[in-house]
Amino acid sequence: MKGTVALVTGASGGIGVATARRLASLGAAVALVARRRDRLDELVATIAADGGTALAVQADVANRNEAVSAVERTVASFGRLDTVVNNAGEKGLLYVTHAALLPVVRAAADSPRRVADLVNIGPTIAFSDAIRRQLVGQNVRVSVVGCGSPDDVAAAVLRLVSREPNGANPSDERPQRAAAPR
Ligand SMILES: NC(=O)c1ccc[n+]([C@@H]2O[C@H](COP(=O)([O-])OP(=O)(O)OC[C@H]3O[C@@H](n4cnc5c(N)ncnc54)[C@H](OP(=O)(O)O)[C@@H]3O)[C@@H](O)[C@H]2O)c1
């Protein structure tokens with residue numbers, strides 16, 4: 001995933017930390033979003049020590065303005081946004097996804113892999129399906145991962161986002177669902 005940029009919400013807690021570390025280990029630059037700044041700073045240092053790139057973005061994603069700013073700051077810092085992992089609650093899911101739509105569609109159009117990903121953690125099938133319909137033809141895959149242990153969820157997310165695109169319009173597919181094995 002070298003050259004790509006990911007944003008992970010809830011990156012101060014179990015699932016978000018594990019997912020951000022795995023994305024960074026595959027070469028993505030990762031924006032870490034949550035409210036607890038000290039936790040984010042610790043994770044930036046851990047990822048840097050492992051040879052990766054990360055940015056702490058302190059935000060309450062239940063606040064629309066802060067969610068929009070978090071996405072804007074990510075794009076301003078890293079230049080693009082290819083992968084969004086929504087892991088921080090319902091309101092954050094709505095606000096972050098809407099703020100990310102334009103940059104993610106742009107990333108899918110200009111990335112060498114010609115694909116971008118929105119991954120929603122937890123019971124978000126109806127919302128994910130509505131977003132998928134909105135994105136038909138834009139090469140943005142929309143996936144849902146069920147909850148489980150942080151490592152299992154992180155592994156499921158990585159399997160989804162590192163797939164090679166297998167068709168002209170991946171967003172024409174139903175949302176991929178990956179149950180994290182327990
Ligand atoms: N693990 C499970 O079995 C399970 C089961 C059902 C649902 N889920 C859902 O899966 C997600 C992650 O689970 P987890 O086990 O990793 O939970 P967790 O350890 O409690 O992490 C939740 C993360 O979301 C962040 N967060 C919460 N509200 C936020 C807000 N308004 N703005 C920004 N960040 C916010 C928290 O960070 P800050 O407090 O620093 O902001 C934290 O990093 C949660 O949404 C949880 O509801 C998990």
# chains A, B, ... in the order shown; residues from 1 in each chain; ligands from 1

$ residues_near_ligand --ligand "ligand 1" --cutoff "6 Å" --atoms "only C-alpha atoms and all ligand atoms" --output "list in words"
Thr9, Gly10, Ala11, Ser12, Gly13, Gly14, Ile15, Gly16, Ala34, Arg35, Arg36, Ala59, Asp60, Val61, Ala62, Asn87, Ala88, Gly89, Ile121, Gly122, Cys147, Gly148 and Ser149 of chain A

$ select_by_dssp --residues "chain A" --states "alpha helix (DSSP H)" --output "ChimeraX atom specification"
/A:14-25,37-49,64-78,90-110,125-134,150-161

$ residues_around --residues "segment 92-102 of chain A" --least-positions-apart "6" --cutoff "7 Å" --atoms "only C-alpha atoms" --output "count of residues only"
7

$ residues_around --residues "Thr53 of chain A" --least-positions-apart "2" --cutoff "8 Å" --atoms "only C-alpha atoms" --output "tab-separated table (two decimals) with N, CA and C atoms, in the first residue's frame"
chain	number	residue	atom	x	y	z
A	24	ALA	N	0.09	0.78	8.36
A	24	ALA	CA	1.40	1.43	8.28
A	24	ALA	C	2.49	0.42	7.92
A	27	GLY	N	2.94	0.02	4.38
A	27	GLY	CA	3.47	1.17	3.64
A	27	GLY	C	2.53	2.35	3.51
A	28	ALA	N	1.28	2.23	3.99
A	28	ALA	CA	0.37	3.39	3.91
A	28	ALA	C	0.79	4.44	4.94
A	29	ALA	N	0.66	5.71	4.58
A	29	ALA	CA	0.76	6.78	5.58
A	29	ALA	C	-0.59	6.86	6.27
A	30	VAL	N	-0.60	6.93	7.60
A	30	VAL	CA	-1.88	6.76	8.32
A	30	VAL	C	-2.18	7.97	9.19
A	44	VAL	N	1.79	7.30	17.13
A	44	VAL	CA	2.66	7.88	16.08
A	44	VAL	C	4.10	7.44	16.32
A	47	ILE	N	4.58	3.67	15.51
A	47	ILE	CA	4.58	3.42	14.06
A	47	ILE	C	5.89	3.93	13.45
A	48	ALA	N	6.35	5.09	13.90
A	48	ALA	CA	7.62	5.64	13.38
A	48	ALA	C	8.78	4.70	13.74
A	51	GLY	N	9.20	2.03	11.44
A	51	GLY	CA	9.56	2.44	10.07
A	51	GLY	C	8.40	2.99	9.27
A	55	LEU	N	0.27	10.31	11.49
A	55	LEU	CA	-0.02	11.68	11.92
A	55	LEU	C	-1.13	11.63	12.95

$ select_by_dssp --residues "segment 75-122 of chain A" --states "strand (DSSP E)" --output "MDAnalysis selection string"
chainID A and resid 83:86 116:121

$ atom_distance --atom1 "atom CA of Arg80 of chain A" --atom2 "atom CA of Val104 of chain A"
7.8 Å

$ residues_around --residues "Val75 of chain A" --least-positions-apart "6" --cutoff "9 Å" --atoms "only C-alpha atoms" --output "MDAnalysis selection string"
chainID A and resid 5 81 103
